[in-house]
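Taking it in order: structure first as structure tokens, then the write-up.
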Amino acid sequence: MSYDFSPQENFLGLDEESSALETARVLVLPIPYEGTVSYGGGTKFGPRAIIHASMQVELFDREFGKECASEYGVHTLPALASTHHSPETMVRYIEEAVYDMASRYPDKLLFVLGGEHSISSGVGRGLARAHNVDRPLMVQLDAHSDLRNEYEGTPFSHASIARRLLDDGWDIIQLGIRSICTEEMELITARHDHLRVWFAEQVHADASWEVELTQRVHGRDVFLSIDIDALDPSLIPATGTPEPDGLTWNEALRIIHTVTRNAGRLIGADCVELAPIPGHHASEFITAKLIYKTINHIMAR
Ligand SMILES: [Mn+2]
């Protein structure tokens, strides 16, 4: 199996006019990296599966009453090759690649398709540098808080990405968390000045998170990181470390809409951790549709 998608395919299956690099206002960058995954593998096949499934997503979005992507245009970049470097080297390589791309096209939205979640610290760092952000904020939808100082011998694994950005001086907001260790719980208490977590049951309970989230993202430069395991595994079973009681489709969209509507700038986004199951198409289709809806909300700002 190849990690790459067919050259005839692009995100949403757009025609030449709507997918031209020069005019597209959105760039999709596939990063099929899988190096530190700890349980179920297969995230390296995620970008290809998302792009393939996206060809079946209806371009007409009823919420906006139009074919949004035909208006703003999406160009799908060649996949960033997965090298055999250590996770640390790979994260730095991703940071430089994202920095280069975001600097070259500062007015286009960069949306990264993973790959495992370890890519996100590189993506976030590259975006923050390219857009000269002083106080970057990551809003992370996830089942796991990824705040371990290190995991399985490396500080650059998928279990540590939020910790790396927190240590860099980022503010972090997490929603949908339902699996966490002692070290992470203690950190959430100790660093509440820079770290706000809404556990899944708090999102389910009522919409009280919405007011505070609105205030916390207001005027901020936001990197949106969607770990697809934030959603309930009844929707997306195809992920490496599924956890029960996840976000519903509507909860996830409501969070994304709250962020995109109120953030100062959306400096970029990623969606990670889809690990396709052969013969099961729902997970990648739902992921592709979630990404399209997210981009529509960002571009409607
Ligand atoms: Mn996760």
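Scheme for the structure tokens: letters A, B, ... for chains in order shown; per-chain residue numbers from 1; ligand numbers from 1 in order shown.
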| query | Can you tell me which residues sit at most 7 Å away from ligand 1, counting only C-alpha atoms and all ligand atoms, written as a list in words? | reply |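 Counting only what the definition allows, namely only C-alpha atoms and all ligand atoms, the set is Asp142, Ala143, His144, Asp227, Asp229, Ala230 and Thr241 of chain A.
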| request: Tell me which protein, DNA and RNA residues are within 12 Å of Ile295 in chain A, counting only C-alpha atoms, leaving out same-chain ones fewer than 2 positions away, and put them as an MDAnalysis selection string. | output: chainID A and resid 11:12 25:28 61 68:69 72:74 108:112 224 253 256:257 260 266 268:271 288:293 297:301
For the residues in that selection, give me C-alpha atoms as a PDB file, in the first residue's frame.
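So the final result, stored in part12.pdb, reads:
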ATOM      1  CA  PHE A  11      -9.412  17.306  -1.394  1.00  0.00           C
ATOM      2  CA  LEU A  12     -13.133  17.460  -2.299  1.00  0.00           C
ATOM      3  CA  ARG A  25      -7.449  30.472  -0.652  1.00  0.00           C
ATOM      4  CA  VAL A  26      -7.042  27.177   1.205  1.00  0.00           C
ATOM      5  CA  LEU A  27      -4.053  24.806   1.112  1.00  0.00           C
ATOM      6  CA  VAL A  28      -4.392  21.211   2.287  1.00  0.00           C
ATOM      7  CA  ASP A  61     -23.339  23.131   2.331  1.00  0.00           C
ATOM      8  CA  CYS A  68     -18.447  27.002  -0.412  1.00  0.00           C
ATOM      9  CA  ALA A  69     -15.298  25.314  -1.744  1.00  0.00           C
ATOM     10  CA  TYR A  72     -12.802  29.963  -1.994  1.00  0.00           C
ATOM     11  CA  GLY A  73     -10.871  27.194  -3.797  1.00  0.00           C
ATOM     12  CA  VAL A  74      -8.749  24.441  -2.231  1.00  0.00           C
ATOM     13  CA  LYS A 108      -4.051  31.305   2.479  1.00  0.00           C
ATOM     14  CA  LEU A 109      -5.437  29.017   5.178  1.00  0.00           C
ATOM     15  CA  LEU A 110      -3.150  26.033   5.782  1.00  0.00           C
ATOM     16  CA  PHE A 111      -5.000  22.861   6.823  1.00  0.00           C
ATOM     17  CA  VAL A 112      -2.798  19.853   7.657  1.00  0.00           C
ATOM     18  CA  LEU A 224      -7.051  24.593  15.855  1.00  0.00           C
ATOM     19  CA  LEU A 253     -19.266  21.494  15.225  1.00  0.00           C
ATOM     20  CA  ILE A 256     -15.494  24.633  16.106  1.00  0.00           C
ATOM     21  CA  HIS A 257     -18.070  27.294  15.254  1.00  0.00           C
ATOM     22  CA  THR A 260     -13.918  30.252  14.359  1.00  0.00           C
ATOM     23  CA  LEU A 266      -7.159  31.432  12.709  1.00  0.00           C
ATOM     24  CA  GLY A 268      -4.059  27.277  10.709  1.00  0.00           C
ATOM     25  CA  ALA A 269      -5.548  23.934  11.596  1.00  0.00           C
ATOM     26  CA  ASP A 270      -4.938  20.222  11.499  1.00  0.00           C
ATOM     27  CA  CYS A 271      -6.894  16.985  11.788  1.00  0.00           C
ATOM     28  CA  ALA A 288     -13.574  14.512   5.529  1.00  0.00           C
ATOM     29  CA  LYS A 289     -16.967  16.141   6.059  1.00  0.00           C
ATOM     30  CA  LEU A 290     -15.919  17.528   9.465  1.00  0.00           C
ATOM     31  CA  ILE A 291     -12.825  19.062   7.850  1.00  0.00           C
ATOM     32  CA  TYR A 292     -14.927  20.603   5.060  1.00  0.00           C
ATOM     33  CA  LYS A 293     -17.389  22.057   7.595  1.00  0.00           C
ATOM     34  CA  HIS A 297     -16.659  28.104   9.099  1.00  0.00           C
ATOM     35  CA  ILE A 298     -13.126  29.500   8.993  1.00  0.00           C
ATOM     36  CA  MET A 299     -13.562  30.973   5.502  1.00  0.00           C
ATOM     37  CA  ALA A 300     -16.952  32.496   6.428  1.00  0.00           C
ATOM     38  CA  ARG A 301     -15.272  34.761   8.985  1.00  0.00           C
TER      39      ARG A 301
END
| request: Tell me, as a list in words, which residues lie within 12 Å of Phe199 in chain A, counting only C-alpha atoms; anything in the same chain fewer than 3 positions away does not count. | output: Gln140, Leu141, Asp142, Ala143, His144, Ser145, Ile173, Gln174, Leu175, Gly176, Ile177, Arg178, Ser179, Ile180, Met185, Ile188, Arg196, Gln202, Val203, His204, Ala205, Trp209, Ala230, Asp245, Gly246 and Leu247 of chain A
| request: Write out as a PyMOL selection string the residues lying within 7 Å of Ser118 in chain A, counting only C-alpha atoms and excluding same-chain residues fewer than 5 positions away. | output: chain A and resi 156-158+161
| task | Enumerate, as a PyMOL selection string, the complete set of residues in range 51-294 of chain A that a backbone-based DSSP assignment places in helix (DSSP H, G or I). | result | chain A and resi 51-54+68-72+87-104+119-130+161-167+182-190+200-205+208-217+228-230+249-262+282-294
| said: Could you check the closest approach to His281 in chain A for each of A:Pro78, A:Pro155, A:Gly46, A:Gly219 and tell me which residue wins, using only C-alpha atoms? | reply: A:Gly46
| How many Å lie between CA of Phe285 in chain A and CA of Leu59 in chain A, rounded to one decimal? |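 Taking CA of Phe285 in chain A as the start and CA of Leu59 in chain A as the end point, the length is 13.3 Å.
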| said: When you look at Ala282 in chain A with a cut-off of 9 Å (counting only C-alpha atoms), what residues show up, excluding the ones that are within fewer than 4 positions of it in the same chain? I need them as a list in words. | reply: Ala53, Leu235, Ile236, Pro237, Ala238, Ile286 and Thr287 of chain A
| strand (DSSP E) per DSSP on the backbone: members of range 3-252 of chain A, as a ChimeraX atom specification | /A:26-31,60-61,66-67,74-76,109-114,137-141,171-177,195-199,221-227
| message | Report, in Å to a single decimal, how far apart CA of Gly114 in chain A and CA of Cys181 in chain A are. | response |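 Separation of CA of Cys181 in chain A and CA of Gly114 in chain A: 24.3 Å.
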| note | Shortest contact to Asp221 in chain A, candidates A:Pro278, A:Pro47, A:Gly65, A:Gly264, atoms counted only C-alpha atoms, goes to A:Gly264
| Which distance in Å separates CA of Ala128 in chain A and CA of Val217 in chain A, to one decimal? | 15.6 Å
| task | Using only C-alpha atoms, determine which residues lie at most 12 Å from Glu95 in chain A, disregarding the query and same-chain residues fewer than 3 positions distant; provide the list as a list in words. | result | Ile31, Leu80, Glu88, Thr89, Met90, Val91, Arg92, Val98, Tyr99, Asp100, Met101, Ala102, Ser103, Val112, Ser118, Ile119, Ser120, Ser121, Gly122, Val123, Gly124, Arg125, Gly126, Leu127, Ala128, Arg129 and Ala130 of chain A
| Quick one: of A:Gln56, A:Gln8, A:Thr36, A:Asn262, who's nearest to Thr154 in chain A, counting only C-alpha atoms? |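 Among the listed residues, A:Thr36 lies closest to Thr154 in chain A.
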